[in-house]
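With compact mmCIF, C-alpha atoms and all ligand atoms inside, this is coords-v2.txt:
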```txt
# COMPACT_ATOMS: atom_id res chain seq x y z
CA MET A 1 137.07 -22.58 47.35
CA ALA A 2 135.87 -25.18 44.89
CA SER A 3 132.83 -25.96 47.05
CA PHE A 4 131.93 -22.28 47.26
CA ALA A 5 132.28 -21.95 43.47
CA VAL A 6 130.06 -25.00 42.86
CA LEU A 7 127.47 -23.72 45.36
CA PHE A 8 127.34 -20.23 43.87
CA LEU A 9 127.24 -21.58 40.32
CA THR A 10 124.39 -23.97 41.12
CA LEU A 11 122.47 -21.27 42.97
CA GLY A 12 123.04 -18.80 40.12
CA LEU A 13 121.91 -21.31 37.48
CA ILE A 14 118.78 -22.19 39.47
CA ILE A 15 117.85 -18.51 39.96
CA PHE A 16 118.59 -17.70 36.32
CA ASN A 17 116.52 -20.62 35.02
CA LEU A 18 113.66 -19.74 37.34
CA PHE A 19 113.73 -16.12 36.22
CA GLN A 20 113.93 -17.07 32.54
CA SER A 21 111.20 -19.68 32.70
CA SER A 22 108.88 -17.44 34.75
CA THR A 23 109.37 -14.63 32.21
CA TYR A 24 108.56 -16.93 29.29
CA LYS A 25 105.67 -18.39 31.24
CA SER A 26 104.05 -14.98 31.72
CA ILE A 27 104.53 -14.18 28.02
CA ASP A 28 103.05 -17.53 27.04
CA THR A 29 100.11 -16.98 29.37
CA ASP A 30 99.42 -13.66 27.63
CA ILE A 31 99.54 -15.39 24.24
CA LYS A 32 97.28 -18.17 25.49
CA ASN A 33 94.74 -15.62 26.75
CA GLN A 34 94.78 -14.02 23.33
CA VAL A 35 94.24 -17.40 21.68
CA VAL A 36 91.29 -18.09 23.95
CA SER A 37 89.78 -14.68 23.32
CA ILE A 38 90.17 -15.12 19.54
CA GLN A 39 88.69 -18.61 19.55
CA LYS A 40 85.71 -17.56 21.66
CA GLN A 41 84.73 -14.37 19.90
CA PRO A 42 81.39 -13.21 21.31
CA ASN A 43 78.47 -13.67 19.03
CA MET A 44 77.97 -9.99 18.17
CA LYS A 45 76.60 -8.56 15.00
CA LYS A 46 79.69 -7.20 13.42
CA ARG A 47 79.39 -4.26 11.11
CA VAL A 48 81.39 -5.22 8.03
CA ILE A 49 82.95 -2.25 6.37
CA PRO A 50 83.47 -2.99 2.71
CA ASP A 51 87.04 -2.29 1.80
CA PRO A 52 87.24 -0.05 -1.23
CA HIS A 53 90.85 -1.08 -1.86
CA GLY A 54 90.23 -4.61 -2.85
CA PRO A 55 89.05 -7.96 -1.63
CA THR A 56 92.05 -8.82 0.48
CA ASP A 57 91.36 -6.32 3.23
CA HIS A 58 87.60 -6.64 3.31
CA PHE A 59 87.83 -7.97 6.88
CA GLN A 60 88.39 -4.62 8.43
CA THR A 61 85.66 -4.55 11.01
CA ASN A 62 85.11 -2.87 14.32
CA THR A 63 86.63 -5.98 15.92
CA ASP A 64 89.76 -5.48 13.94
CA LYS A 65 90.99 -3.17 16.69
CA PRO A 66 93.43 -4.71 19.12
CA ASP A 67 91.86 -6.53 21.99
CA PRO A 68 91.94 -4.11 24.99
CA LYS A 69 93.14 -6.97 27.18
CA ALA A 70 95.94 -7.82 24.75
CA PRO A 71 99.44 -6.79 25.85
CA PHE A 72 100.67 -3.57 24.37
CA GLN A 73 103.43 -5.24 22.36
CA ALA A 74 101.11 -7.85 20.81
CA SER A 75 100.43 -8.07 17.07
CA ILE A 76 97.94 -10.32 15.33
CA LEU A 77 98.58 -11.49 11.78
CA VAL A 78 95.83 -13.14 9.80
CA PHE A 79 96.76 -15.38 6.89
CA ASN A 80 94.60 -17.22 4.44
CA ASP A 81 95.32 -20.81 3.47
CA LYS A 82 97.78 -19.72 0.81
CA GLY A 83 99.81 -17.72 3.28
CA LYS A 84 98.61 -14.30 2.16
CA LEU A 85 98.54 -11.68 4.87
CA LEU A 86 94.95 -10.43 5.17
CA ASN A 87 95.16 -7.65 7.73
CA LYS A 88 97.92 -5.41 6.44
CA THR A 89 96.09 -2.19 7.22
CA SER A 90 95.40 -3.01 10.83
CA LEU A 91 99.12 -3.49 11.41
CA GLY A 92 99.88 0.17 10.71
CA ASN A 93 103.57 1.00 10.71
CA ARG A 94 104.36 -2.43 12.16
CA TYR A 95 103.64 -3.86 8.72
CA SER A 96 107.07 -2.84 7.40
CA VAL A 97 108.63 -5.25 9.92
CA LEU A 98 105.96 -7.95 10.03
CA LYS A 99 105.58 -8.31 6.27
CA ASN A 100 108.69 -10.52 6.31
CA ILE A 101 106.86 -13.22 8.22
CA LYS A 102 105.76 -16.19 6.20
CA LEU A 103 103.04 -18.58 7.17
CA ASN A 104 104.59 -21.77 8.53
CA LYS A 105 101.78 -24.28 8.91
CA ARG A 106 104.07 -26.85 10.50
CA ALA A 107 104.35 -24.67 13.61
CA LEU A 108 100.59 -24.79 14.16
CA ASN A 109 99.65 -24.55 17.84
CA GLU A 110 103.29 -24.36 18.87
CA LYS A 111 104.92 -21.57 20.82
CA GLN A 112 107.91 -20.20 18.97
CA THR A 113 110.49 -17.49 19.39
CA LEU A 114 111.08 -15.53 16.17
CA ILE A 115 113.73 -12.94 15.40
CA ILE A 116 112.72 -10.43 12.74
CA ASN A 117 114.84 -7.37 11.94
CA ASN A 118 116.71 -7.88 15.22
CA MET A 119 113.43 -7.81 17.12
CA ASN A 120 112.42 -10.76 19.25
CA PHE A 121 108.90 -12.15 19.20
CA ARG A 122 107.15 -14.95 20.98
CA SER A 123 104.46 -16.33 18.69
CA MET A 124 101.76 -18.91 18.28
CA LEU A 125 99.93 -19.88 15.12
CA ILE A 126 96.35 -21.09 15.35
CA LYS A 127 93.74 -22.11 12.86
CA VAL A 128 90.46 -20.42 13.68
CA SER A 129 87.31 -22.41 13.02
CA GLU A 130 84.98 -21.48 10.18
CA LYS A 131 82.24 -21.01 12.71
CA ASN A 132 84.03 -18.23 14.52
CA ASN A 133 81.81 -15.21 14.85
CA ASN A 134 84.53 -12.82 13.88
CA PRO A 135 84.62 -12.83 10.10
CA MET A 136 88.11 -11.45 10.18
CA TYR A 137 89.46 -14.63 11.80
CA ALA A 138 86.95 -17.28 10.74
CA GLY A 139 88.59 -20.09 8.79
CA HIS A 140 91.97 -18.34 8.67
CA TYR A 141 95.35 -18.82 10.22
CA VAL A 142 96.01 -16.33 12.99
CA LEU A 143 99.55 -15.70 14.21
CA ILE A 144 99.64 -14.04 17.62
CA MET A 145 102.96 -12.34 18.20
CA GLN A 146 104.27 -10.60 21.19
CA ASN A 147 107.39 -8.49 21.19
CA ILE A 148 109.70 -9.72 23.94
CA ASP A 149 112.66 -7.36 23.49
CA THR A 150 112.20 -5.84 26.97
CA GLN A 151 112.00 -9.27 28.61
CA ILE A 152 115.08 -10.50 26.70
CA GLN A 153 116.88 -7.30 27.70
CA ALA A 154 115.86 -7.94 31.33
CA ILE A 155 117.08 -11.57 31.12
CA ASN A 156 120.40 -10.42 29.63
CA ASN A 157 120.82 -7.76 32.32
CA PHE A 158 119.96 -10.30 34.99
CA GLU A 159 122.53 -12.70 33.53
CA LYS A 160 125.22 -9.98 33.61
CA ILE A 161 124.37 -8.98 37.19
CA LEU A 162 124.41 -12.64 38.20
CA ILE A 163 127.85 -13.21 36.65
CA ILE A 164 129.28 -10.06 38.28
CA THR A 165 127.83 -10.94 41.73
CA PHE A 166 129.03 -14.51 41.27
CA PHE A 167 132.59 -13.28 40.81
CA ILE A 168 132.39 -10.74 43.65
CA PHE A 169 131.02 -13.34 46.05
CA TRP A 170 133.46 -15.94 44.83
CA ILE A 171 136.36 -13.57 45.60
CA ILE A 172 134.81 -12.83 49.04
CA ALA A 173 134.45 -16.59 49.60
CA LEU A 174 138.06 -17.02 48.51
CA ILE A 175 139.24 -14.51 51.12
CA ILE A 176 136.99 -16.03 53.82
CA SER A 177 138.15 -19.57 53.05
CA TYR A 178 141.77 -18.43 53.17
CA PHE A 179 141.29 -16.96 56.66
CA LEU A 180 139.18 -19.90 57.84
CA ALA A 181 141.84 -22.32 56.66
CA ARG A 182 144.50 -20.31 58.47
CA ILE A 183 142.45 -20.28 61.69
CA ASN A 184 141.81 -24.02 61.40
CA MET A 185 145.46 -24.72 60.68
CA LEU A 186 146.75 -22.74 63.69
CA PRO A 187 146.37 -25.50 66.31
CA ILE A 188 147.85 -28.04 63.86
CA ILE A 189 150.84 -25.78 63.12
CA LYS A 190 151.22 -25.11 66.86
CA SER A 191 151.21 -28.79 67.79
CA TRP A 192 153.54 -29.56 64.87
CA LYS A 193 155.99 -26.94 66.18
CA GLN A 194 155.65 -28.28 69.72
CA GLN A 195 156.34 -31.78 68.48
CA THR A 196 159.45 -30.67 66.58
CA GLU A 197 160.68 -28.71 69.62
CA PHE A 198 160.01 -31.74 71.82
CA VAL A 199 162.03 -34.04 69.57
CA ASN A 200 164.87 -31.48 69.38
CA ASP A 201 164.92 -31.02 73.15
CA ALA A 202 164.78 -34.77 73.74
CA ALA A 203 167.67 -35.35 71.32
CA HIS A 204 169.65 -32.62 73.06
CA GLU A 205 168.99 -34.10 76.51
CA LEU A 206 170.01 -37.56 75.31
CA ARG A 207 173.17 -36.31 73.68
CA THR A 208 174.66 -34.76 76.85
CA PRO A 209 174.89 -37.94 78.98
CA LEU A 210 175.90 -39.99 75.93
CA THR A 211 178.77 -37.62 75.20
CA ILE A 212 179.93 -37.83 78.84
CA ILE A 213 179.75 -41.66 78.83
CA GLN A 214 181.58 -41.84 75.49
CA GLY A 215 184.30 -39.48 76.80
CA LYS A 216 184.79 -41.51 79.97
CA LEU A 217 184.92 -44.83 78.11
CA GLU A 218 187.40 -43.53 75.55
CA TYR A 219 189.55 -42.17 78.37
CA MET A 220 189.51 -45.58 80.12
CA LEU A 221 190.54 -47.29 76.86
CA THR A 222 193.72 -45.22 76.86
CA LYS A 223 194.62 -46.70 80.31
CA PRO A 224 194.41 -50.47 79.75
CA ASN A 225 196.65 -51.34 82.70
CA LYS A 226 194.70 -49.43 85.34
CA THR A 227 192.41 -51.24 87.78
CA ILE A 228 188.70 -50.57 88.29
CA LEU A 229 189.60 -48.97 91.58
CA ASP A 230 191.91 -46.56 89.79
CA GLU A 231 189.11 -45.53 87.44
CA ALA A 232 186.30 -45.61 90.00
CA GLU A 233 185.53 -41.94 89.45
CA ALA A 234 185.10 -42.30 85.68
CA ILE A 235 182.96 -45.39 86.19
CA SER A 236 180.73 -43.73 88.79
CA VAL A 237 180.24 -40.63 86.56
CA SER A 238 179.30 -42.92 83.68
CA LEU A 239 176.86 -44.82 85.89
CA ASP A 240 175.26 -41.54 87.01
CA GLU A 241 174.77 -40.58 83.39
CA VAL A 242 173.29 -44.01 82.62
CA ASN A 243 170.83 -43.45 85.48
CA ARG A 244 169.97 -40.02 84.10
CA LEU A 245 169.42 -41.56 80.68
CA ASN A 246 167.21 -44.19 82.23
CA SER A 247 165.00 -41.68 84.01
CA LEU A 248 164.89 -39.46 80.92
CA THR A 249 163.80 -42.25 78.61
CA ASN A 250 161.18 -43.34 81.17
CA ASN A 251 159.81 -39.81 81.36
CA LEU A 252 159.79 -39.46 77.58
CA LEU A 253 157.92 -42.71 77.32
CA VAL A 254 155.32 -41.53 79.87
CA LEU A 255 154.75 -38.29 77.94
CA ALA A 256 154.64 -39.98 74.54
CA ARG A 257 152.18 -42.62 75.77
CA SER A 258 149.99 -40.00 77.34
CA ASP A 259 150.09 -37.87 74.14
CA SER A 260 149.00 -40.77 72.02
CA ALA A 261 146.38 -41.70 74.65
CA THR A 262 147.71 -45.24 74.93
CA THR A 263 148.16 -45.07 78.70
CA LYS A 264 145.64 -47.21 80.55
CA PHE A 265 144.05 -45.60 83.58
CA ASN A 266 142.57 -47.31 86.52
CA PHE A 267 140.06 -44.84 87.91
CA GLU A 268 138.36 -45.67 91.19
CA LEU A 269 136.44 -43.99 93.98
CA THR A 270 138.85 -43.29 96.81
CA THR A 271 139.67 -40.93 99.70
CA PRO A 272 142.93 -38.96 100.30
CA GLU A 273 144.28 -41.26 103.02
CA PHE A 274 144.41 -44.06 100.43
CA PHE A 275 146.41 -42.24 97.82
CA LEU A 276 148.49 -39.78 99.87
CA LYS A 277 149.91 -42.04 102.60
CA ASP A 278 152.00 -44.41 100.44
CA PRO A 279 154.01 -41.85 98.42
CA ILE A 280 154.52 -39.57 101.43
CA GLU A 281 155.99 -42.27 103.70
CA PRO A 282 159.46 -42.70 102.06
CA PHE A 283 159.93 -38.92 101.85
CA LYS A 284 159.80 -38.64 105.66
CA ASP A 285 163.17 -40.40 105.89
CA ILE A 286 164.70 -38.79 102.79
CA ILE A 287 163.82 -35.24 103.94
CA ASN A 288 164.91 -35.82 107.53
CA SER A 289 168.20 -37.36 106.36
CA GLN A 290 168.91 -34.10 104.50
CA SER A 291 168.40 -32.04 107.70
CA LYS A 292 165.10 -30.62 106.45
CA VAL A 293 161.75 -30.58 108.22
CA PHE A 294 158.73 -32.45 106.82
CA GLN A 295 155.28 -31.43 108.11
CA ILE A 296 152.10 -33.33 107.24
CA SER A 297 148.68 -31.88 107.96
CA LEU A 298 145.98 -33.83 106.08
CA ASN A 299 142.53 -33.50 107.65
CA HIS A 300 139.88 -34.00 104.93
CA HIS A 301 138.25 -37.19 103.66
CA PRO A 302 136.19 -36.39 100.55
CA THR A 303 135.42 -39.03 97.92
CA LEU A 304 137.39 -38.57 94.70
CA TYR A 305 137.51 -40.46 91.43
CA LEU A 306 141.19 -41.02 90.69
CA ASP A 307 143.87 -43.36 89.42
CA ARG A 308 145.89 -43.92 92.60
CA ASP A 309 149.08 -44.92 90.81
CA LYS A 310 149.07 -41.77 88.71
CA ILE A 311 148.44 -39.58 91.77
CA LYS A 312 151.32 -41.34 93.48
CA GLN A 313 153.53 -40.42 90.51
CA LEU A 314 152.30 -36.81 90.72
CA LEU A 315 153.05 -36.58 94.44
CA ILE A 316 156.53 -38.02 93.97
CA ILE A 317 157.30 -35.38 91.31
CA LEU A 318 156.13 -32.53 93.55
CA LEU A 319 157.75 -33.82 96.76
CA ASP A 320 160.97 -34.60 94.89
CA ASN A 321 161.08 -31.03 93.51
CA ALA A 322 160.34 -29.53 96.93
CA THR A 323 163.18 -31.56 98.40
CA LYS A 324 165.56 -30.75 95.54
CA TYR A 325 165.00 -27.00 95.61
CA THR A 326 164.92 -26.52 99.39
CA PRO A 327 168.25 -26.00 101.16
CA LYS A 328 169.26 -27.54 104.51
CA ASN A 329 167.10 -26.59 107.52
CA GLY A 330 164.24 -25.68 105.21
CA THR A 331 160.68 -26.91 105.73
CA ILE A 332 158.55 -28.95 103.34
CA LYS A 333 154.90 -29.22 104.18
CA ILE A 334 151.93 -31.05 102.73
CA TYR A 335 148.42 -29.97 103.78
CA ASP A 336 144.91 -30.16 102.37
CA GLN A 337 141.73 -28.08 102.25
CA ILE A 338 138.28 -28.04 100.67
CA GLU A 339 137.30 -25.13 98.41
CA GLY A 340 133.62 -25.37 97.45
CA SER A 341 133.24 -28.60 95.49
CA LYS A 342 137.01 -29.06 95.08
CA TYR A 343 139.58 -30.86 97.14
CA GLN A 344 143.06 -29.29 97.25
CA PHE A 345 146.35 -30.64 98.50
CA ILE A 346 149.24 -28.24 98.72
CA ILE A 347 152.96 -28.99 98.80
CA SER A 348 154.84 -26.01 100.14
CA ASP A 349 158.55 -25.46 100.69
CA THR A 350 160.82 -22.76 101.99
CA GLY A 351 163.23 -23.24 99.10
CA VAL A 352 164.61 -21.06 96.33
CA GLY A 353 161.15 -20.00 95.12
CA ILE A 354 160.06 -19.32 91.53
CA ALA A 355 160.03 -15.87 89.91
CA ASP A 356 156.62 -14.67 88.64
CA SER A 357 157.90 -14.66 85.04
CA GLU A 358 158.80 -18.36 85.33
CA LYS A 359 155.63 -19.58 87.02
CA ALA A 360 153.72 -20.42 83.83
CA LYS A 361 156.78 -21.70 81.96
CA ILE A 362 157.88 -24.37 84.44
CA PHE A 363 154.93 -26.59 83.44
CA GLY A 364 156.26 -26.80 79.86
CA ARG A 365 158.39 -29.68 78.61
CA PHE A 366 162.17 -29.47 79.17
CA TYR A 367 161.80 -26.11 80.91
CA ARG A 368 164.28 -25.51 83.71
CA VAL A 369 164.64 -22.20 85.51
CA ASP A 370 168.37 -22.44 86.06
CA LYS A 371 169.75 -24.94 83.61
CA SER A 372 173.22 -25.33 85.17
CA ARG A 373 171.81 -25.73 88.68
CA ASN A 374 169.25 -28.28 87.61
CA SER A 375 171.57 -30.42 85.59
CA ASN A 376 173.52 -30.88 88.80
CA SER A 377 170.35 -31.83 90.64
CA GLY A 378 169.49 -34.28 87.86
CA GLY A 379 166.32 -32.76 86.39
CA HIS A 380 165.40 -32.62 82.71
CA GLY A 381 162.46 -30.28 83.08
CA LEU A 382 159.91 -33.02 82.36
CA GLY A 383 158.55 -33.63 85.88
CA LEU A 384 156.00 -30.80 85.98
CA ALA A 385 154.97 -31.49 82.36
CA ILE A 386 154.08 -35.05 83.40
CA ALA A 387 152.36 -33.70 86.56
CA THR A 388 150.22 -31.38 84.40
CA GLN A 389 149.20 -34.25 82.13
CA ILE A 390 148.16 -36.38 85.09
CA VAL A 391 146.12 -33.54 86.61
CA ASN A 392 144.43 -32.74 83.29
CA ILE A 393 143.35 -36.35 82.81
CA HIS A 394 141.67 -36.15 86.23
CA HIS A 395 139.86 -32.90 85.27
CA GLY A 396 141.83 -31.11 87.95
CA THR A 397 144.21 -28.15 88.00
CA ILE A 398 147.76 -27.53 89.13
CA SER A 399 149.22 -24.11 89.93
CA VAL A 400 152.13 -22.57 91.73
CA ARG A 401 152.22 -19.58 94.09
CA ASP A 402 154.75 -17.99 96.42
CA ASN A 403 155.16 -19.34 99.92
CA LEU A 404 155.91 -16.20 101.90
CA PRO A 405 158.42 -15.09 103.03
CA HIS A 406 160.29 -17.48 100.70
CA GLY A 407 159.73 -20.68 98.80
CA SER A 408 156.87 -21.94 96.65
CA GLU A 409 153.57 -23.76 97.01
CA PHE A 410 152.17 -26.17 94.41
CA VAL A 411 148.38 -26.39 94.63
CA VAL A 412 146.66 -29.44 93.11
CA GLU A 413 142.88 -29.39 92.88
CA PHE A 414 140.45 -32.22 92.06
CA PRO A 415 136.66 -32.23 91.83
CA ILE A 416 134.90 -33.98 94.73
CA LYS A 417 132.55 -36.84 93.76
CA HIS A 418 129.23 -36.31 95.54
CA MET A 419 127.59 -39.64 96.26
P1 LIG A 501 163.17 -30.78 86.90
O1 LIG A 501 163.29 -32.23 86.64
O2 LIG A 501 164.21 -29.96 86.25
O3 LIG A 501 162.96 -30.45 88.33
P2 LIG A 501 160.42 -30.04 86.60
O4 LIG A 501 159.54 -30.02 85.40
O5 LIG A 501 160.00 -30.88 87.73
O6 LIG A 501 161.86 -30.40 86.08
O7 LIG A 501 160.56 -28.56 87.07
C1 LIG A 501 160.80 -27.53 86.14
C2 LIG A 501 161.56 -26.40 86.80
O8 LIG A 501 160.72 -25.75 87.76
C3 LIG A 501 162.72 -26.88 87.58
O9 LIG A 501 163.86 -26.99 86.78
C4 LIG A 501 162.89 -25.79 88.60
O10 LIG A 501 163.65 -24.74 88.09
C5 LIG A 501 161.47 -25.31 88.83
N1 LIG A 501 160.91 -25.88 90.07
C6 LIG A 501 160.10 -26.94 90.19
N2 LIG A 501 159.72 -27.17 91.46
C7 LIG A 501 160.32 -26.21 92.20
C8 LIG A 501 160.33 -25.88 93.58
N3 LIG A 501 159.66 -26.59 94.48
N4 LIG A 501 161.06 -24.81 93.97
C9 LIG A 501 161.74 -24.09 93.07
N5 LIG A 501 161.77 -24.34 91.75
C10 LIG A 501 161.08 -25.39 91.31
```

Show how you would write the structure in this file as structure tokens.
Ligand code: ADP
Amino acid sequence: MASFAVLFLTLGLIIFNLFQSSTYKSIDTDIKNQVVSIQKQPNMKKRVIPDPHGPTDHFQTNTDKPDPKAPFQASILVFNDKGKLLNKTSLGNRYSVLKNIKLNKRALNEKQTLIINNMNFRSMLIKVSEKNNNPMYAGHYVLIMQNIDTQIQAINNFEKILIITFFIFWIIALIISYFLARINMLPIIKSWKQQTEFVNDAAHELRTPLTIIQGKLEYMLTKPNKTILDEAEAISVSLDEVNRLNSLTNNLLVLARSDSATTKFNFELTTPEFFLKDPIEPFKDIINSQSKVFQISLNHHPTLYLDRDKIKQLLIILLDNATKYTPKNGTIKIYDQIEGSKYQFIISDTGVGIADSEKAKIFGRFYRVDKSRNSNSGGHGLGLAIATQIVNIHHGTISVRDNLPHGSEFVVEFPIKHM
């Protein structure tokens, strides 16, 4: 707002000054032309008309008429050395106004602005040489005056218009800056809200296991004579919660580090067999031990630019979810394909599936489709948020689609590096 005001004000002042000075310049040029034409009167034989009314006006000659080139509003006053006005008659009805002007020799050759009877004049006093061919001017003081009321009126009008437009535009600028500020603030407000929600959710997630552990410990304190064996259940529940807390704090740390861009990445050129084999291997046993089928069909070998450890983390999240949300006798499959200049690996399961309305939400932090079911399975809703961060850092994409007739497929896509 302030910058707009300063800009408009500066612009307005510059335009106003330019307008004012150019107006005065054109008036002064007119006066100067008059001065030149008076000082260089052509050497013509002037017919002197003797003035019957007395010696003072004996200068009335044919040249006493206004110069045809002179501006319409111009008046010429001729004074003698003593300040007596010599050309009263030639002034006509203007005399009644101009008679108030006194000869001011100190202003010789200076441009002045005079106000007489509320009328504005720009004037210049010159001393015409004795040798001037026009007897009316020769050896006298000549005051060239130009009425500038119209110009002053124009300057005043211009000033008013400028002030009004300044205020109109300033109000427009005010409205625009308000909306611009709002638009600029939106992402900041959004991320601020997200941050607050994140902290709230994290606190909530931390509170649940802590409350359980506290409850179990307090309960055990009331039974001081019991053995560890007697309280094995309470101890194992507490340990489970400690494990949950551990994984939660690790995940929070991963997200926070990634948000503040303090995570170090170790990007390298690699091919899928180098980053897929290691994380997949332990899942073979885990999945089989749960009476589920694990199928692997990886056939492509493009070159990719990735951080292998981060991709390992991503694969573990996706395979862990597929295992968690697939019931006994279900099938989990990992396969790959090439789509144009992109390499895709897909983790599909025949599990519970994800409703269309949930598909976009599951990638958000702390989002769980069925909160009661997931707290049993140990999730905090942070896995896919971390997976999304990893994929984004690799300029890839992650999406979910249905695996018909039931289950879901997570598709991860990375750009292929062409060597
Ligand atoms: P969580 O630790 O709870 O699994 P995630 O961020 O990994 O958190 O997943 C978010 C939610 O997405 C899960 O709670 C679950 O409801 C849903 N989800 C993730 N993967 C699958 C899957 N393979 N099948 C069905 N639902 C899934």

Legend entry - Shell around segment 399-413 of chain A at 12 Å using only C-alpha atoms, local window under 4 positions removed, as a count of residues only: 56

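You will find atom CA of Asn100 of chain A at 16.0 Å from atom CA of Gln112 of chain A.
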
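With distances restricted to only C-alpha atoms and all ligand atoms, A:Glu205 is the closest residue to ligand LIG 501 (chain A) from A:Glu273, A:Glu205, A:Glu231, A:Glu218.
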
Inset, instruction - Mind checking which residues fall within 12 Å of Asn109 of chain A, counting only C-alpha atoms, ignoring those fewer than 6 positions away in the same chain, and posting them as JSON, numbers by chain? - result: {"A": [31, 32, 35, 123, 124, 125, 126, 127, 128, 141, 142, 143, 144]}

How about saving the chosen residues, C-alpha atoms kept, as a JSON list (two decimals), in the coordinates of the input?
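Ended up saving to part.json:
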```json
[["chain", "number", "residue", "atom", "x", "y", "z"],
["A", 31, "ILE", "CA", 99.54, -15.39, 24.24],
["A", 32, "LYS", "CA", 97.28, -18.17, 25.49],
["A", 35, "VAL", "CA", 94.24, -17.40, 21.68],
["A", 123, "SER", "CA", 104.46, -16.33, 18.69],
["A", 124, "MET", "CA", 101.76, -18.91, 18.28],
["A", 125, "LEU", "CA", 99.93, -19.88, 15.12],
["A", 126, "ILE", "CA", 96.35, -21.09, 15.35],
["A", 127, "LYS", "CA", 93.74, -22.11, 12.86],
["A", 128, "VAL", "CA", 90.46, -20.42, 13.68],
["A", 141, "TYR", "CA", 95.35, -18.82, 10.22],
["A", 142, "VAL", "CA", 96.01, -16.33, 12.99],
["A", 143, "LEU", "CA", 99.55, -15.70, 14.21],
["A", 144, "ILE", "CA", 99.64, -14.04, 17.62]]
```

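Take the candidates A:Ala385, A:Ile148, A:Ile398, A:Met419 and check each one against ligand LIG 501 (chain A) using all atoms listed in the file; the shortest distance goes to A:Ala385.
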
Legend entry - Atom-to-atom span, atom CA of Ala154 of chain A and atom CA of Ala173 of chain A, Å: 27.5 Å

Inset, instruction - Choose the residue, out of A:Glu110, A:Glu159, A:Phe166, A:Met136, that has the smallest atom-to-atom separation from Thr10 of chain A; count all atoms listed in the file. - result: A:Phe166
